[in-house]
file entry-v5.txt (compact mmCIF, C-alpha atoms)
# COMPACT_ATOMS: atom_id res chain seq x y z
CA MET N 17 -11.32 8.27 -14.96
CA SER N 18 -12.51 10.22 -11.97
CA SER N 19 -10.60 9.28 -8.88
CA ALA N 20 -12.88 8.73 -5.90
CA ARG N 21 -12.76 12.13 -4.26
CA GLN N 22 -15.94 11.47 -2.33
CA PRO N 23 -18.02 8.45 -1.49
CA ASP N 24 -21.40 8.35 -3.18
CA PRO N 25 -23.77 10.51 -1.13
CA PRO N 26 -25.24 8.43 1.69
CA ALA N 27 -28.94 7.70 1.52
CA ALA N 28 -31.01 8.23 4.63
CA GLN N 29 -31.59 5.08 6.71
CA GLU N 30 -29.13 3.17 4.59
CA SER N 31 -28.67 -0.55 5.27
CA SER N 32 -25.29 -2.15 5.92
CA LEU N 33 -25.53 -3.88 2.57
CA ALA N 34 -26.05 -0.56 0.80
CA ALA N 35 -23.01 0.88 2.62
CA PHE N 36 -20.97 -2.16 1.55
CA VAL N 37 -22.05 -1.75 -2.10
CA ARG N 38 -21.21 1.94 -1.91
CA GLY N 39 -17.75 0.97 -0.68
CA VAL N 40 -17.27 -1.37 -3.65
CA SER N 41 -18.39 1.28 -6.15
CA THR N 42 -16.13 3.87 -4.51
CA ALA N 43 -13.22 1.42 -4.84
CA TRP N 44 -13.83 0.99 -8.55
CA ARG N 45 -13.73 4.74 -9.10
CA SER N 46 -10.39 4.91 -7.29
CA ILE N 47 -7.25 5.03 -9.41
CA PHE N 48 -5.83 2.34 -7.10
CA ALA N 49 -8.19 -0.31 -8.55
CA TYR N 50 -6.52 0.20 -11.95
CA VAL N 51 -2.99 0.64 -10.62
CA LEU N 52 -3.31 -2.54 -8.52
CA PHE N 53 -4.70 -4.46 -11.50
CA ALA N 54 -1.64 -3.52 -13.57
CA THR N 55 0.79 -4.14 -10.70
CA TYR N 56 -0.57 -7.63 -10.02
CA ILE N 57 -0.30 -8.64 -13.68
CA GLY N 58 3.43 -8.13 -13.12
CA ILE N 59 3.40 -10.11 -9.87
CA GLY N 60 1.40 -12.95 -11.49
CA ALA N 61 3.96 -13.12 -14.29
CA LEU N 62 6.73 -13.28 -11.68
CA ALA N 63 4.97 -16.16 -9.87
CA HIS N 64 4.69 -18.01 -13.19
CA ASP N 65 8.41 -17.56 -13.86
CA PHE N 66 9.29 -18.93 -10.41
CA GLY N 67 7.17 -22.04 -10.96
CA PHE N 68 4.16 -21.42 -8.73
CA SER N 69 0.61 -22.30 -9.82
CA ALA N 70 -2.14 -19.82 -10.67
CA GLY N 71 -4.17 -21.09 -7.69
CA TRP N 72 -1.24 -20.44 -5.35
CA MET N 73 -0.87 -16.91 -6.73
CA VAL N 74 -4.58 -16.16 -6.20
CA LEU N 75 -4.46 -17.53 -2.64
CA SER N 76 -1.34 -15.51 -1.83
CA THR N 77 -3.18 -12.30 -2.80
CA ILE N 78 -6.19 -13.21 -0.64
CA LEU N 79 -4.08 -14.21 2.39
CA ILE N 80 -1.20 -11.71 2.22
CA TRP N 81 -2.66 -8.70 0.32
CA ALA N 82 0.64 -6.82 0.32
CA ALA N 83 2.53 -6.48 -2.96
CA PRO N 84 6.05 -6.08 -1.50
CA ALA N 85 5.62 -9.11 0.79
CA GLN N 86 4.28 -11.21 -2.11
CA VAL N 87 7.20 -10.26 -4.35
CA ILE N 88 9.66 -11.22 -1.60
CA LEU N 89 7.87 -14.52 -0.94
CA ILE N 90 7.73 -15.47 -4.63
CA SER N 91 11.32 -14.55 -5.39
CA THR N 92 12.98 -16.02 -2.26
CA LEU N 93 10.95 -19.15 -1.48
CA GLY N 94 12.96 -20.97 -4.11
CA SER N 95 16.40 -20.05 -2.85
CA ALA N 96 16.51 -18.70 0.70
CA ALA N 97 16.08 -20.58 3.97
CA LEU N 98 12.47 -20.50 5.19
CA VAL N 99 13.32 -18.44 8.26
CA ASP N 100 15.11 -15.84 6.10
CA THR N 101 12.04 -15.55 3.88
CA ALA N 102 9.78 -15.17 6.92
CA ILE N 103 11.99 -12.40 8.35
CA ALA N 104 12.16 -10.54 5.02
CA VAL N 105 8.37 -10.72 4.66
CA ALA N 106 7.88 -9.49 8.24
CA LEU N 107 10.30 -6.58 7.78
CA SER N 108 8.48 -5.49 4.62
CA SER N 109 5.10 -5.34 6.38
CA VAL N 110 5.83 -3.23 9.47
CA ARG N 111 3.62 -0.46 8.03
CA PHE N 112 0.43 -2.41 8.76
CA MET N 113 0.72 -1.91 12.50
CA PRO N 114 0.51 1.92 12.58
CA MET N 115 -2.05 1.81 9.75
CA VAL N 116 -4.40 -0.49 11.70
CA VAL N 117 -3.83 1.47 14.93
CA THR N 118 -5.02 4.70 13.28
CA LEU N 119 -7.83 3.05 11.33
CA LEU N 120 -9.69 1.15 14.04
CA PRO N 121 -10.63 4.13 16.26
CA MET N 122 -12.29 5.65 13.15
CA LEU N 123 -14.24 2.47 12.40
CA ARG N 124 -15.67 1.38 15.71
CA ASP N 125 -18.25 2.70 18.12
CA ARG N 126 -19.25 1.53 21.57
CA GLN N 127 -21.28 -1.42 20.31
CA THR N 128 -18.53 -2.76 18.05
CA ARG N 129 -17.23 -6.21 18.97
CA THR N 130 -13.62 -7.18 18.29
CA TRP N 131 -14.60 -9.94 15.83
CA GLN N 132 -16.29 -7.33 13.64
CA LEU N 133 -12.88 -5.66 13.24
CA LEU N 134 -11.08 -8.80 12.01
CA VAL N 135 -12.18 -8.47 8.37
CA PRO N 136 -11.36 -4.73 8.17
CA MET N 137 -8.01 -5.50 9.83
CA HIS N 138 -7.15 -8.08 7.17
CA LEU N 139 -8.36 -5.94 4.25
CA THR N 140 -6.08 -3.07 5.32
CA ALA N 141 -3.49 -2.28 2.65
CA ILE N 142 -1.93 1.02 1.59
CA SER N 143 -4.57 1.67 -1.08
CA VAL N 144 -7.54 0.90 1.18
CA TRP N 145 -6.09 2.87 4.09
CA VAL N 146 -5.28 5.94 1.99
CA GLU N 147 -8.81 6.11 0.54
CA ALA N 148 -10.44 5.36 3.90
CA MET N 149 -8.54 8.04 5.81
CA ARG N 150 -10.06 10.65 3.51
CA LEU N 151 -13.56 9.17 3.09
CA LEU N 152 -14.48 7.69 6.50
CA PRO N 153 -14.84 11.04 8.34
CA MET N 154 -17.64 11.97 5.88
CA LEU N 155 -19.68 8.88 6.78
CA PRO N 156 -21.98 8.14 9.72
CA ARG N 157 -20.13 5.99 12.22
CA ASP N 158 -22.53 3.03 12.14
CA HIS N 159 -21.91 2.55 8.39
CA ARG N 160 -18.16 2.81 8.43
CA ILE N 161 -17.28 -0.89 8.92
CA ALA N 162 -19.61 -2.00 6.10
CA PHE N 163 -18.31 0.77 3.83
CA TYR N 164 -14.69 -0.13 4.65
CA ASN N 165 -15.31 -3.84 3.98
CA GLY N 166 -16.84 -2.87 0.61
CA LEU N 167 -13.91 -0.58 -0.19
CA GLY N 168 -11.40 -3.32 0.71
CA THR N 169 -13.32 -6.00 -1.23
CA GLY N 170 -13.54 -3.68 -4.25
CA LEU N 171 -9.80 -3.02 -4.16
CA ILE N 172 -8.62 -6.61 -3.54
CA THR N 173 -10.74 -8.09 -6.35
CA PRO N 174 -8.83 -6.59 -9.34
CA PRO N 175 -5.47 -7.85 -7.98
CA ILE N 176 -6.89 -11.36 -7.40
CA ILE N 177 -8.03 -11.49 -11.06
CA ALA N 178 -4.90 -9.78 -12.40
CA GLY N 179 -2.61 -12.23 -10.57
CA GLY N 180 -4.24 -15.02 -12.59
CA ILE N 181 -4.05 -13.04 -15.85
CA GLY N 182 -0.32 -12.51 -15.23
CA PHE N 183 0.21 -16.22 -15.87
CA TYR N 184 -0.99 -15.88 -19.43
CA VAL N 185 1.07 -12.80 -20.31
CA ALA N 186 4.27 -14.04 -18.59
CA GLY N 187 7.27 -13.75 -20.88
CA GLN N 188 5.35 -11.70 -23.44
CA VAL N 189 5.74 -8.30 -21.77
CA PRO N 190 8.62 -6.12 -23.10
CA THR N 191 11.01 -4.85 -20.41
CA VAL N 192 10.02 -1.19 -20.87
CA PHE N 193 6.38 -2.08 -20.36
CA ALA N 194 7.24 -4.18 -17.29
CA ALA N 195 9.17 -1.21 -15.87
CA GLY N 196 6.12 0.99 -16.53
CA LEU N 197 3.92 -1.42 -14.57
CA LEU N 198 6.30 -1.37 -11.58
CA PHE N 199 6.45 2.43 -11.73
CA LEU N 200 2.65 2.78 -11.33
CA THR N 201 2.53 1.94 -7.63
CA PRO N 202 5.02 4.49 -6.22
CA LEU N 203 3.80 7.18 -8.65
CA SER N 204 0.11 6.86 -7.76
CA MET N 205 0.83 6.40 -4.04
CA LEU N 206 2.88 9.60 -3.93
CA MET N 207 0.07 11.68 -5.47
CA SER N 208 -2.78 10.08 -3.52
CA ILE N 209 -1.00 10.56 -0.20
CA THR N 210 -0.15 14.17 -1.18
CA ARG N 211 -3.83 14.78 -1.96
CA ASN N 212 -4.73 13.38 1.48
CA SER N 213 -2.16 15.50 3.28
CA GLN N 214 -4.09 18.66 4.09
CA ALA N 215 -2.55 19.12 7.53
CA LEU N 216 1.00 20.31 8.14
CA ILE N 217 1.85 17.17 10.15
CA ASP N 218 1.02 14.91 7.17
CA ARG N 219 3.02 17.04 4.74
CA VAL N 220 6.12 17.11 6.93
CA ALA N 221 5.88 13.34 7.55
CA LEU N 222 5.53 12.69 3.80
CA GLY N 223 8.38 15.01 2.76
CA LEU N 224 10.79 13.80 5.44
CA GLY N 225 9.91 10.14 4.82
CA LEU N 226 10.80 10.52 1.13
CA VAL N 227 14.26 11.83 2.12
CA ILE N 228 14.99 9.70 5.20
CA GLY N 229 13.72 6.41 3.67
CA PRO N 230 16.52 6.08 1.10
CA ILE N 231 19.13 7.31 3.62
CA MET N 232 18.08 4.60 6.08
CA ALA N 233 18.04 1.95 3.33
CA ALA N 234 21.53 2.98 2.17
CA SER N 235 22.93 3.01 5.71
CA LYS N 236 21.89 -0.66 6.18
CA VAL N 237 20.84 -0.17 9.81
CA GLY N 238 18.18 -2.88 9.50
CA LEU N 239 14.47 -2.20 10.15
CA ASP N 240 15.02 0.82 7.90
CA LEU N 241 11.32 1.50 7.30
CA MET N 242 10.54 1.36 11.00
CA TRP N 243 13.30 3.88 11.75
CA THR N 244 12.17 6.07 8.86
CA GLY N 245 8.68 6.12 10.32
CA ILE N 246 9.78 6.82 13.89
CA ILE N 247 12.29 9.56 13.00
CA ALA N 248 10.29 11.38 10.30
CA GLY N 249 6.95 10.83 12.06
CA THR N 250 8.26 12.14 15.39
CA ILE N 251 9.79 15.25 13.80
CA ALA N 252 6.48 15.91 12.00
CA TYR N 253 4.59 15.45 15.28
CA LEU N 254 6.93 17.85 17.11
CA VAL N 255 6.56 20.47 14.34
CA HIS N 256 2.79 20.10 14.68
CA ARG N 257 2.97 20.54 18.49
CA VAL N 258 5.24 23.59 18.25
CA ARG N 259 2.92 25.19 15.71
CA GLU N 260 -0.13 24.51 17.90
CA ALA N 261 1.65 25.99 20.93
CA MET N 262 2.46 29.15 18.97
CA GLN N 263 -1.12 29.71 17.85
CA MET G 22 10.52 -25.07 -7.18
CA SER G 23 12.83 -24.82 -4.21
CA THR G 24 14.05 -27.41 -1.82
CA ALA G 25 12.45 -25.57 1.10
CA ALA G 26 9.12 -25.03 -0.63
CA ALA G 27 9.26 -28.58 -1.99
CA ASP G 28 9.79 -29.98 1.52
CA LEU G 29 6.87 -28.11 3.03
CA GLY G 30 4.67 -27.91 -0.01
CA PRO G 31 4.06 -24.49 -1.55
CA TYR G 32 0.73 -23.94 0.20
CA LEU G 33 2.03 -24.69 3.69
CA ALA G 34 5.05 -22.46 2.97
CA LEU G 35 2.64 -19.71 1.89
CA ILE G 36 0.87 -19.88 5.26
CA LEU G 37 3.96 -20.24 7.47
CA VAL G 38 6.44 -17.82 5.93
CA GLY G 39 4.10 -15.59 3.89
CA PHE G 40 0.74 -15.13 5.58
CA LEU G 41 1.77 -15.36 9.27
CA PRO G 42 4.80 -13.00 9.32
CA ASN G 43 2.76 -10.47 7.33
CA GLU G 44 -0.49 -10.74 9.28
CA VAL G 45 1.22 -10.42 12.67
CA TRP G 46 1.55 -6.64 12.14
CA ARG G 47 -2.13 -6.21 11.39
CA LEU G 48 -2.97 -8.24 14.49
CA LEU G 49 -0.57 -6.20 16.66
CA GLY G 50 -2.26 -3.07 15.32
CA LEU G 51 -5.63 -4.48 16.41
CA LEU G 52 -4.32 -5.19 19.91
CA VAL G 53 -2.60 -1.80 20.30
CA ALA G 54 -5.67 0.09 19.01
CA ARG G 55 -7.87 -1.22 21.83
CA GLY G 56 -9.02 1.63 23.96
CA LEU G 57 -7.39 4.31 21.83
CA ASN G 58 -9.43 7.34 20.81
CA GLU G 59 -8.94 8.84 17.34
CA GLU G 60 -8.27 12.29 18.78
CA SER G 61 -5.69 11.05 21.30
CA GLU G 62 -2.15 12.38 20.91
CA ILE G 63 -0.69 8.89 20.51
CA VAL G 64 -2.93 8.26 17.47
CA VAL G 65 -1.90 11.61 15.94
CA TRP G 66 1.74 10.58 16.34
CA VAL G 67 1.19 7.02 15.03
CA ARG G 68 -0.56 8.44 11.97
CA ALA G 69 2.49 10.62 11.24
CA VAL G 70 4.69 7.52 11.64
CA ALA G 71 2.46 5.58 9.22
CA THR G 72 2.58 8.39 6.65
CA ALA G 73 6.39 8.60 6.94
CA ILE G 74 6.69 4.81 6.48
CA LEU G 75 4.56 5.00 3.33
CA ALA G 76 6.79 7.81 2.04
CA GLY G 77 9.80 5.59 2.73
CA VAL G 78 8.14 2.71 0.82
CA ILE G 79 7.50 5.05 -2.15
CA ALA G 80 11.11 6.28 -2.20
CA GLN G 81 12.48 2.73 -2.00
CA LEU G 82 10.19 1.45 -4.76
CA LEU G 83 11.35 4.32 -7.00
CA ALA G 84 15.04 3.85 -6.22
CA THR G 85 14.94 0.04 -6.45
CA ASN G 86 17.95 -1.70 -7.94
CA SER G 87 16.20 -4.96 -8.76
CA GLY G 88 13.52 -5.94 -11.25
CA ALA G 89 12.55 -4.40 -14.58
CA LEU G 90 12.49 -0.85 -13.18
CA ALA G 91 16.22 -1.11 -12.35
CA ALA G 92 16.90 -1.24 -16.12
CA VAL G 93 15.66 2.36 -16.39
CA PRO G 94 18.38 4.90 -15.34
CA LEU G 95 17.67 6.54 -11.96
CA THR G 96 17.79 10.02 -13.54
CA VAL G 97 14.95 9.05 -15.90
CA ARG G 98 12.90 7.69 -12.99
CA VAL G 99 13.42 10.87 -10.95
CA ALA G 100 12.59 13.07 -13.97
CA ALA G 101 9.41 11.04 -14.56
CA VAL G 102 8.30 11.39 -10.91
CA VAL G 103 8.94 15.14 -10.93
CA ALA G 104 7.08 15.60 -14.26
CA GLY G 105 4.16 13.48 -13.04
CA PHE G 106 3.98 15.34 -9.75
CA LEU G 107 4.00 18.75 -11.48
CA ALA G 108 1.23 17.58 -13.83
CA PHE G 109 -0.75 16.43 -10.78
CA LEU G 110 -0.37 19.85 -9.12
CA LEU G 111 -1.16 21.83 -12.29
CA ILE G 112 -4.07 19.73 -13.62
CA ARG G 113 -6.68 20.07 -10.85
CA ARG G 114 -4.78 17.71 -8.51
CA SER G 115 -5.77 14.82 -10.74
CA VAL G 116 -3.91 11.62 -9.78
CA PHE G 117 -4.83 10.16 -13.17
CA ALA G 118 -3.22 13.09 -15.06
CA GLY G 119 -0.09 12.83 -12.91
CA VAL G 120 0.22 9.07 -13.44
CA ALA G 121 -0.31 9.43 -17.22
CA VAL G 122 2.38 12.12 -17.57
CA GLY G 123 4.83 10.33 -15.26
CA GLU G 124 4.43 7.03 -17.16
CA ALA G 125 4.82 8.78 -20.53
CA VAL G 126 8.07 10.45 -19.44
CA LEU G 127 9.38 7.15 -18.01
CA ILE G 128 8.68 5.14 -21.16
CA VAL G 129 9.90 7.81 -23.60
CA GLY G 130 13.02 8.34 -21.47
CA ALA G 131 13.72 4.60 -21.18
CA VAL G 132 13.37 4.06 -24.94
CA ALA G 133 15.35 7.21 -25.90
CA LEU G 134 18.32 6.58 -23.59
call {"tool": "encode", "arguments": {"input": "entry-v5.txt", "output": "structure tokens"}}
result
Amino acid sequence: MSSARQPDPPAAQESSLAAFVRGVSTAWRSIFAYVLFATYIGIGALAHDFGFSAGWMVLSTILIWAAPAQVILISTLGSAALVDTAIAVALSSVRFMPMVVTLLPMLRDRQTRTWQLLVPMHLTAISVWVEAMRLLPMLPRDHRIAFYNGLGTGLITPPIIAGGIGFYVAGQVPTVFAAGLLFLTPLSMLMSITRNSQALIDRVALGLGLVIGPIMAASKVGLDLMWTGIIAGTIAYLVHRVREAMQ
Amino acid sequence: MSTAAADLGPYLALILVGFLPNEVWRLLGLLVARGLNEESEIVVWVRAVATAILAGVIAQLLATNSGALAAVPLTVRVAAVVAGFLAFLLIRRSVFAGVAVGEAVLIVGAVAL
């Protein structure tokens, strides 16, 4: 499997539809399409075990499109108070805000209307963002929204299907295999983000986040991921500024 | 099915306590991004924050103490990540090679121990 190192070469005078299709085909050459497929088989099986329907599972992927939030929703809706579930889901999804903030200035140009950014905003997930951060700078600006929508559509489709498939394999997956499925996401994310991190600031943020994340989680300060991001991200930014000043 | 989800209905619960508390962050990102330029210093900083948060998510998923992965000893998980990462670095920075090696070490280690 070749991971999508580059988008297909853009044709001259390409239409928006062609850019969208190119986004979809880029998504299906990304390792994330396969990792997400496997991950969502596990989440579908979980939804089955907690008594939800296949239709509910499919809709939750379309509407939420965030594996950690879906796992929390599925496993706590049965037992916790609604407000506790809502807070846990919200705390697990803080990452989307900085991701969307950094994405949108790359997508839009002067003619872009806000409504055109609503679909890209919703399709934003770790996988889509990681691939887009590397690929968007290579594309002409007026094709970026269509390409991004194609990339997001291509990456959300395997999980939608896999969530349904999970219902039919529920209870038949050995524990070791289930552990292997859950291991796919952090493993592939770590390498994809490393591959993206050409600049010093990205490498420092990645390395520090890996160390500070578990420390924050263990110290039970609350909002641990937000603090991880602010502390490790700010140190990385300062290192980057100091290095620039020295050059 | 739960009392809470049964009261509201699972689909209404999905919207109110699943979709909305998740989507609010994407929407806040949209509002904050208005008027920001991709070269501006604030965007450079926010991108570092986003990368650090993703690193934190990775570390927490690996070190989880719930679900099927918790049944695999932490030392095996760490060994599998390190082996996968080395394979990734050595084999032309191929994410596929790294994932294959990491998964193999995890499964062999989990079965052997």
call {"tool": "closest_residue", "arguments": {"input": "entry-v5.txt", "among": "N:Thr169, N:Thr55, N:Ser213, N:Gln127", "to": "chain G", "atoms": "only C-alpha atoms"}}
result
N:Ser213
call {"tool": "interface_residues", "arguments": {"input": "entry-v5.txt", "of": "chain N", "to": "chain G", "cutoff": "6 Å", "atoms": "only C-alpha atoms", "output": "NGL selection string"}}
result
:N and (67 or 79-80 or 94 or 102 or 106 or 109 or 112-118 or 121 or 194-195 or 202 or 207 or 221-222 or 225-226 or 229 or 241 or 245-246 or 248-249 or 253)
call {"tool": "atom_distance", "arguments": {"input": "entry-v5.txt", "atom1": "CA of Pro84 in chain N", "atom2": "CA of Met205 in chain N"}}
result
13.8 Å
call {"tool": "atom_distance", "arguments": {"input": "entry-v5.txt", "atom1": "CA of Ser46 in chain N", "atom2": "CA of Ile161 in chain N"}}
result
18.5 Å
call {"tool": "atom_distance", "arguments": {"input": "entry-v5.txt", "atom1": "CA of Leu33 in chain G", "atom2": "CA of Arg111 in chain N"}}
result
24.7 Å
call {"tool": "residues_around", "arguments": {"input": "entry-v5.txt", "residues": "Ala162 in chain N", "least_positions_apart": "2", "cutoff": "8 Å", "atoms": "only C-alpha atoms", "output": "ChimeraX atom specification"}}
result
/N:32-33,35-36,39,159-160,164-166
call {"tool": "build_atoms", "arguments": {"input": "entry-v5.txt", "residues": "range 103-114 of chain G", "atoms": "N, CA and C atoms", "output": "PDB file, in the frame of the given file"}}
result
ATOM      1  N   VAL G 103       9.084  13.690 -11.044  1.00  0.00           N
ATOM      2  CA  VAL G 103       8.940  15.140 -10.930  1.00  0.00           C
ATOM      3  C   VAL G 103       7.922  15.647 -11.961  1.00  0.00           C
ATOM      4  N   ALA G 104       8.020  15.170 -13.206  1.00  0.00           N
ATOM      5  CA  ALA G 104       7.080  15.600 -14.260  1.00  0.00           C
ATOM      6  C   ALA G 104       5.653  15.192 -13.898  1.00  0.00           C
ATOM      7  N   GLY G 105       5.495  13.960 -13.419  1.00  0.00           N
ATOM      8  CA  GLY G 105       4.160  13.480 -13.040  1.00  0.00           C
ATOM      9  C   GLY G 105       3.589  14.286 -11.893  1.00  0.00           C
ATOM     10  N   PHE G 106       4.443  14.590 -10.925  1.00  0.00           N
ATOM     11  CA  PHE G 106       3.980  15.340  -9.750  1.00  0.00           C
ATOM     12  C   PHE G 106       3.574  16.765 -10.140  1.00  0.00           C
ATOM     13  N   LEU G 107       4.355  17.400 -11.018  1.00  0.00           N
ATOM     14  CA  LEU G 107       4.000  18.750 -11.480  1.00  0.00           C
ATOM     15  C   LEU G 107       2.672  18.715 -12.243  1.00  0.00           C
ATOM     16  N   ALA G 108       2.487  17.707 -13.084  1.00  0.00           N
ATOM     17  CA  ALA G 108       1.230  17.580 -13.830  1.00  0.00           C
ATOM     18  C   ALA G 108       0.060  17.436 -12.855  1.00  0.00           C
ATOM     19  N   PHE G 109       0.268  16.618 -11.818  1.00  0.00           N
ATOM     20  CA  PHE G 109      -0.750  16.430 -10.780  1.00  0.00           C
ATOM     21  C   PHE G 109      -1.122  17.769 -10.129  1.00  0.00           C
ATOM     22  N   LEU G 110      -0.095  18.574  -9.782  1.00  0.00           N
ATOM     23  CA  LEU G 110      -0.370  19.850  -9.120  1.00  0.00           C
ATOM     24  C   LEU G 110      -1.057  20.834 -10.067  1.00  0.00           C
ATOM     25  N   LEU G 111      -0.653  20.831 -11.341  1.00  0.00           N
ATOM     26  CA  LEU G 111      -1.160  21.830 -12.290  1.00  0.00           C
ATOM     27  C   LEU G 111      -2.532  21.457 -12.842  1.00  0.00           C
ATOM     28  N   ILE G 112      -2.806  20.162 -12.992  1.00  0.00           N
ATOM     29  CA  ILE G 112      -4.070  19.730 -13.620  1.00  0.00           C
ATOM     30  C   ILE G 112      -5.058  19.327 -12.520  1.00  0.00           C
ATOM     31  N   ARG G 113      -5.612  20.269 -11.831  1.00  0.00           N
ATOM     32  CA  ARG G 113      -6.680  20.070 -10.850  1.00  0.00           C
ATOM     33  C   ARG G 113      -6.388  18.948  -9.847  1.00  0.00           C
ATOM     34  N   ARG G 114      -5.144  18.764  -9.450  1.00  0.00           N
ATOM     35  CA  ARG G 114      -4.780  17.710  -8.510  1.00  0.00           C
ATOM     36  C   ARG G 114      -5.340  16.353  -8.923  1.00  0.00           C
TER      37      ARG G 114
END
